[in-house]
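S.K.: Mind having a look at this structure? Questions to follow.
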Amino acid sequence: MLLFSDVQVIHDITCLATEVSGDYLVHVLQLLSSCSTEVLDLVKQSILDGGKSLSTTLPLVINTIIEGLVEKAVEDLRQLKGITATYRMTNKPLPVRHSPYVSGVLRPLKTLLDGERAMTYLSKETKKELLLGAATKITGCYHELAAELISVARKTESSLLKIRQGAQRRAGASSDVSDHNVSDTDKICMQLFLDIQEYGRNLAALGVEAADIPAYRSLWQCVAPPDRQSVTNF
C-alpha cells in the first residue's frame, strides 16, 4: 500500500539527512584534512546544504500521505448522498442513530497511525502532524459535502412546496400547505447531526478535539438543531 511505503520514505529521508550532516560530514572532512581551510569550509557548507535539501522534502512526502488519506475518506463521505434518498418523500421518522458510513471515514487514518511502520519509523511529532493535517482536511471535505447536500435539499423542498401550493390553488383549495410535521430537510439535517457527533467522537478517540477544527464548527452550525447551536458537544 502506497501510504505505508511513504511512511518508510519519511524515515529514510530523516535518517539520510541526519547521516549526511553528521557522521558522513565528519568522515569527509577527515579525508580532506590536508586541504586548506577555505576548501574545507566550502565542502562542509555544501554537505550541510545537501542535508537541508533532503529535510525540505519531508513536508512534501507528509502532504502526499495526507492527500491519500483524504481521498480514501471522501470515498466513504460520498455516501452522504444516500441520506437524501432515505428521507425525501418516504415518510420515515426522525433518525435516532448515526449512519454506517461514519465509522469508515477515519479508519484509514487510524490504521496508518496504529500500524507497525508508523509506530516504528515515525516520530511523535510527525505522527501528530499527519493526524492534525489529515483530520483538518477530511473535516473540510465533510463540511463541503454536507453543506451542498443541505443546500440542494432546501432548494428541492422549496420547489416542491411551490408546486403543491400551485396545485391547491388550481383546485380551489387553500394555498396554506404548511403543517407542524417535521420536514424532509429537517430529517436530513438531523441525520447529519447524528453523523457528525459520531465523527467528533471518532476524532476524539484519535486525540483530536473536533471543536478546534474550524470546518467542524461550521459543519455543526450547518446541521445542529436551533437549541444545540451554541455548544459543540457530543
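Convention: chains lettered A, B, ... in C-alpha cells order; per-chain residue numbering from 1; ligands numbered from 1 as shown.
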With a distance cut-off of 12 Å and only C-alpha atoms, select the neighbouring residues of A:Asp6, excluding the residue or stretch itself and same-chain residues fewer than 6 positions from it, and output the selection as a PDB file with C-alpha atoms, in the first residue's frame.
M.R.:
```
ATOM      1  CA  ASP A  12      14.654   7.051   5.283  1.00  0.00           C
ATOM      2  CA  ILE A  13      14.879  10.749   4.427  1.00  0.00           C
ATOM      3  CA  LEU A  58       9.721  15.831   4.204  1.00  0.00           C
ATOM      4  CA  PRO A  59       6.699  18.173   4.103  1.00  0.00           C
ATOM      5  CA  LEU A  60       6.060  17.082   0.505  1.00  0.00           C
ATOM      6  CA  VAL A  61       6.008  13.416   1.495  1.00  0.00           C
ATOM      7  CA  ILE A  62       3.805  14.121   4.517  1.00  0.00           C
ATOM      8  CA  ASN A  63       1.392  16.085   2.335  1.00  0.00           C
ATOM      9  CA  THR A  64       1.284  13.199  -0.152  1.00  0.00           C
ATOM     10  CA  ILE A  65       0.251  10.854   2.645  1.00  0.00           C
ATOM     11  CA  ILE A  66      -2.381  13.312   3.866  1.00  0.00           C
ATOM     12  CA  GLU A  67      -3.848  13.694   0.374  1.00  0.00           C
ATOM     13  CA  GLY A  68      -4.041   9.922   0.037  1.00  0.00           C
ATOM     14  CA  LEU A  69      -5.867   9.657   3.359  1.00  0.00           C
ATOM     15  CA  LEU A 112      -1.943   4.141   9.277  1.00  0.00           C
ATOM     16  CA  ARG A 117       5.573   1.059  10.267  1.00  0.00           C
ATOM     17  CA  ALA A 118       4.231   4.277  11.762  1.00  0.00           C
ATOM     18  CA  TYR A 121       9.518   4.782  11.815  1.00  0.00           C
ATOM     19  CA  LEU A 122       7.615   7.955  12.667  1.00  0.00           C
ATOM     20  CA  LEU A 130      -0.070  13.704   9.954  1.00  0.00           C
TER      21      LEU A 130
END
```
S.K.: If we count only C-alpha atoms and set the cut-off at 7 Å, which residues sit around A:Asp184, ignoring sequence neighbours fewer than 4 positions away in its own chain? Please answer as a list in words.
M.R.: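 My list of contacting residues is Tyr87, Arg88, Met89 and Ile188 of chain A.
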S.K.: Out of A:Leu132, A:Leu203, A:Leu109, A:Cys222, which residue has the shortest atom-to-atom distance to A:Leu149 when counting only C-alpha atoms?
M.R.: A:Cys222
S.K.: One number please: atom CA of A:Leu42 to atom CA of A:Thr18, in Å, one decimal.
M.R.: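 Atom-to-atom, atom CA of A:Leu42 to atom CA of A:Thr18, that is 19.2 Å.
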S.K.: Can you check which residues of stretch 96-203 of chain A DSSP gives as helix (DSSP H, G or I) on the backbone and send them as a PyMOL selection string?
M.R.: chain A and resi 102-105+107-114+116-121+124-170+184-203
S.K.: How would the residues just chosen look if you wrote them out with C-alpha atoms as a PDB file, in the first residue's frame?
M.R.:
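Saved file selection_29.pdb follows:
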```pdb
ATOM      1  CA  VAL A 102     -19.237   7.350   9.558  1.00  0.00           C
ATOM      2  CA  SER A 103     -17.174   4.527  11.015  1.00  0.00           C
ATOM      3  CA  GLY A 104     -15.176   4.252   7.788  1.00  0.00           C
ATOM      4  CA  VAL A 105     -14.259   7.915   7.310  1.00  0.00           C
ATOM      5  CA  ARG A 107     -10.458   4.271   9.533  1.00  0.00           C
ATOM      6  CA  PRO A 108      -7.573   4.628   7.004  1.00  0.00           C
ATOM      7  CA  LEU A 109      -6.015   7.350   9.173  1.00  0.00           C
ATOM      8  CA  LYS A 110      -6.286   5.241  12.308  1.00  0.00           C
ATOM      9  CA  THR A 111      -4.952   2.172  10.502  1.00  0.00           C
ATOM     10  CA  LEU A 112      -1.943   4.141   9.277  1.00  0.00           C
ATOM     11  CA  LEU A 113      -1.102   5.679  12.656  1.00  0.00           C
ATOM     12  CA  ASP A 114      -1.609   2.418  14.551  1.00  0.00           C
ATOM     13  CA  GLU A 116       3.718  -1.173  12.721  1.00  0.00           C
ATOM     14  CA  ARG A 117       5.573   1.059  10.267  1.00  0.00           C
ATOM     15  CA  ALA A 118       4.231   4.277  11.762  1.00  0.00           C
ATOM     16  CA  MET A 119       4.950   3.035  15.269  1.00  0.00           C
ATOM     17  CA  THR A 120       8.480   2.055  14.219  1.00  0.00           C
ATOM     18  CA  TYR A 121       9.518   4.782  11.815  1.00  0.00           C
ATOM     19  CA  LYS A 124       5.745  11.571  17.802  1.00  0.00           C
ATOM     20  CA  GLU A 125       5.875  14.999  16.166  1.00  0.00           C
ATOM     21  CA  THR A 126       5.491  13.596  12.642  1.00  0.00           C
ATOM     22  CA  LYS A 127       2.547  11.424  13.659  1.00  0.00           C
ATOM     23  CA  LYS A 128       0.894  14.451  15.233  1.00  0.00           C
ATOM     24  CA  GLU A 129       1.471  16.461  12.050  1.00  0.00           C
ATOM     25  CA  LEU A 130      -0.070  13.704   9.954  1.00  0.00           C
ATOM     26  CA  LEU A 131      -3.016  13.337  12.320  1.00  0.00           C
ATOM     27  CA  LEU A 132      -3.901  17.024  12.519  1.00  0.00           C
ATOM     28  CA  GLY A 133      -3.272  17.649   8.827  1.00  0.00           C
ATOM     29  CA  ALA A 134      -5.426  14.744   7.690  1.00  0.00           C
ATOM     30  CA  ALA A 135      -8.187  15.384  10.250  1.00  0.00           C
ATOM     31  CA  THR A 136      -8.423  19.033   9.236  1.00  0.00           C
ATOM     32  CA  LYS A 137      -8.623  18.331   5.503  1.00  0.00           C
ATOM     33  CA  ILE A 138     -11.044  15.428   5.889  1.00  0.00           C
ATOM     34  CA  THR A 139     -13.315  17.569   8.055  1.00  0.00           C
ATOM     35  CA  GLY A 140     -13.173  20.311   5.442  1.00  0.00           C
ATOM     36  CA  CYS A 141     -14.368  17.861   2.788  1.00  0.00           C
ATOM     37  CA  TYR A 142     -17.084  16.640   5.156  1.00  0.00           C
ATOM     38  CA  HIS A 143     -18.327  20.184   5.636  1.00  0.00           C
ATOM     39  CA  GLU A 144     -18.341  20.932   1.903  1.00  0.00           C
ATOM     40  CA  LEU A 145     -20.286  17.792   1.017  1.00  0.00           C
ATOM     41  CA  ALA A 146     -22.785  18.195   3.859  1.00  0.00           C
ATOM     42  CA  ALA A 147     -23.377  21.884   3.149  1.00  0.00           C
ATOM     43  CA  GLU A 148     -24.003  21.124  -0.520  1.00  0.00           C
ATOM     44  CA  LEU A 149     -26.400  18.302   0.398  1.00  0.00           C
ATOM     45  CA  ILE A 150     -28.418  20.560   2.684  1.00  0.00           C
ATOM     46  CA  SER A 151     -28.477  23.385   0.159  1.00  0.00           C
ATOM     47  CA  VAL A 152     -29.873  21.074  -2.529  1.00  0.00           C
ATOM     48  CA  ALA A 153     -32.371  19.600  -0.060  1.00  0.00           C
ATOM     49  CA  ARG A 154     -33.700  23.028   0.886  1.00  0.00           C
ATOM     50  CA  LYS A 155     -33.972  24.143  -2.730  1.00  0.00           C
ATOM     51  CA  THR A 156     -35.802  20.934  -3.627  1.00  0.00           C
ATOM     52  CA  GLU A 157     -38.175  21.302  -0.684  1.00  0.00           C
ATOM     53  CA  SER A 158     -38.904  24.912  -1.644  1.00  0.00           C
ATOM     54  CA  SER A 159     -39.664  23.871  -5.227  1.00  0.00           C
ATOM     55  CA  LEU A 160     -41.949  21.059  -4.090  1.00  0.00           C
ATOM     56  CA  LEU A 161     -43.777  23.436  -1.780  1.00  0.00           C
ATOM     57  CA  LYS A 162     -44.421  25.859  -4.637  1.00  0.00           C
ATOM     58  CA  ILE A 163     -45.707  23.003  -6.805  1.00  0.00           C
ATOM     59  CA  ARG A 164     -48.080  21.875  -4.051  1.00  0.00           C
ATOM     60  CA  GLN A 165     -49.320  25.407  -3.489  1.00  0.00           C
ATOM     61  CA  GLY A 166     -49.912  25.870  -7.204  1.00  0.00           C
ATOM     62  CA  ALA A 167     -51.808  22.613  -7.440  1.00  0.00           C
ATOM     63  CA  GLN A 168     -54.010  23.557  -4.490  1.00  0.00           C
ATOM     64  CA  ARG A 169     -54.751  26.972  -5.939  1.00  0.00           C
ATOM     65  CA  ARG A 170     -55.785  25.425  -9.237  1.00  0.00           C
ATOM     66  CA  ASP A 184     -37.714  16.025   4.965  1.00  0.00           C
ATOM     67  CA  THR A 185     -34.914  18.587   5.175  1.00  0.00           C
ATOM     68  CA  ASP A 186     -35.207  18.585   8.963  1.00  0.00           C
ATOM     69  CA  LYS A 187     -34.797  14.799   8.923  1.00  0.00           C
ATOM     70  CA  ILE A 188     -31.774  15.057   6.638  1.00  0.00           C
ATOM     71  CA  CYS A 189     -30.201  17.655   8.934  1.00  0.00           C
ATOM     72  CA  MET A 190     -30.892  15.515  11.984  1.00  0.00           C
ATOM     73  CA  GLN A 191     -29.249  12.515  10.326  1.00  0.00           C
ATOM     74  CA  LEU A 192     -26.202  14.613   9.514  1.00  0.00           C
ATOM     75  CA  PHE A 193     -26.172  15.973  13.049  1.00  0.00           C
ATOM     76  CA  LEU A 194     -26.119  12.462  14.492  1.00  0.00           C
ATOM     77  CA  ASP A 195     -23.393  11.572  12.000  1.00  0.00           C
ATOM     78  CA  ILE A 196     -21.088  14.463  12.855  1.00  0.00           C
ATOM     79  CA  GLN A 197     -21.478  13.775  16.564  1.00  0.00           C
ATOM     80  CA  GLU A 198     -20.205  10.255  15.973  1.00  0.00           C
ATOM     81  CA  TYR A 199     -17.487  11.659  13.723  1.00  0.00           C
ATOM     82  CA  GLY A 200     -16.489  14.030  16.525  1.00  0.00           C
ATOM     83  CA  ARG A 201     -16.270  11.109  18.944  1.00  0.00           C
ATOM     84  CA  ASN A 202     -14.079   9.248  16.462  1.00  0.00           C
ATOM     85  CA  LEU A 203     -11.788  12.276  16.178  1.00  0.00           C
TER      86      LEU A 203
END
```
S.K.: Please indicate the distance in Å from atom CA of A:Ser53 to atom CA of A:Val26, rounded to one decimal place.
M.R.: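 Taking atom CA of A:Ser53 as the start and atom CA of A:Val26 as the end point, the length is 18.5 Å.
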S.K.: Interatomic distance between atom CA of A:Ser36 and atom CA of A:Leu48?
M.R.: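 Going from atom CA of A:Ser36 over to atom CA of A:Leu48, I get 18.4 Å.
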S.K.: Which residue gives the smallest distance to A:Gly51 among A:Pro93, A:Glu19, A:Leu80, A:Arg217, with only C-alpha atoms counted?
M.R.: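 With only C-alpha atoms as the atom set, the closest residue is A:Glu19.
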S.K.: I'd like the contact shell of A:Gln221 - 10 Å cut-off, only C-alpha atoms, skipping same-chain residues fewer than 4 positions apart - returned as a list in words.
M.R.: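 Here the answer would be Phe193, Ala215, Tyr216, Arg217, Pro225, Pro226, Arg228, Gln229, Ser230, Val231 and Thr232 of chain A.
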S.K.: Keeping only N, CA and C atoms, write those residues as an mmCIF file, in the first residue's frame.
M.R.:
```
data_model
loop_
_atom_site.group_PDB
_atom_site.id
_atom_site.type_symbol
_atom_site.label_atom_id
_atom_site.label_comp_id
_atom_site.auth_asym_id
_atom_site.auth_seq_id
_atom_site.Cartn_x
_atom_site.Cartn_y
_atom_site.Cartn_z
ATOM 1 N N PHE A 193 -26.570 15.553 11.706
ATOM 2 C CA PHE A 193 -26.172 15.973 13.049
ATOM 3 C C PHE A 193 -25.733 14.767 13.878
ATOM 4 N N ALA A 215 -13.631 23.924 10.354
ATOM 5 C CA ALA A 215 -14.605 23.289 9.466
ATOM 6 C C ALA A 215 -15.613 22.462 10.253
ATOM 7 N N TYR A 216 -15.190 21.891 11.377
ATOM 8 C CA TYR A 216 -16.136 21.118 12.189
ATOM 9 C C TYR A 216 -17.147 22.050 12.846
ATOM 10 N N ARG A 217 -16.675 23.177 13.337
ATOM 11 C CA ARG A 217 -17.597 24.145 13.944
ATOM 12 C C ARG A 217 -18.606 24.643 12.908
ATOM 13 N N PRO A 225 -29.623 21.348 15.503
ATOM 14 C CA PRO A 225 -30.919 21.961 15.794
ATOM 15 C C PRO A 225 -30.712 23.314 16.474
ATOM 16 N N PRO A 226 -31.679 24.204 16.395
ATOM 17 C CA PRO A 226 -31.533 25.542 16.981
ATOM 18 C C PRO A 226 -31.104 25.536 18.446
ATOM 19 N N ARG A 228 -29.197 23.488 19.881
ATOM 20 C CA ARG A 228 -27.856 22.899 20.074
ATOM 21 C C ARG A 228 -26.779 23.709 19.370
ATOM 22 N N GLN A 229 -27.124 24.856 18.825
ATOM 23 C CA GLN A 229 -26.191 25.630 18.038
ATOM 24 C C GLN A 229 -25.050 26.230 18.858
ATOM 25 N N SER A 230 -25.332 26.605 20.070
ATOM 26 C CA SER A 230 -24.359 27.386 20.839
ATOM 27 C C SER A 230 -23.237 26.567 21.458
ATOM 28 N N VAL A 231 -23.457 25.265 21.654
ATOM 29 C CA VAL A 231 -22.468 24.436 22.324
ATOM 30 C C VAL A 231 -22.136 23.225 21.459
ATOM 31 N N THR A 232 -20.846 23.056 21.177
ATOM 32 C CA THR A 232 -20.408 21.901 20.390
ATOM 33 C C THR A 232 -19.997 20.776 21.319
#
```
S.K.: When you count only C-alpha atoms, which of these residues is closest to A:Thr14: A:Ala73, A:Gly115, A:Ser123, A:Glu38?
M.R.: A:Ser123
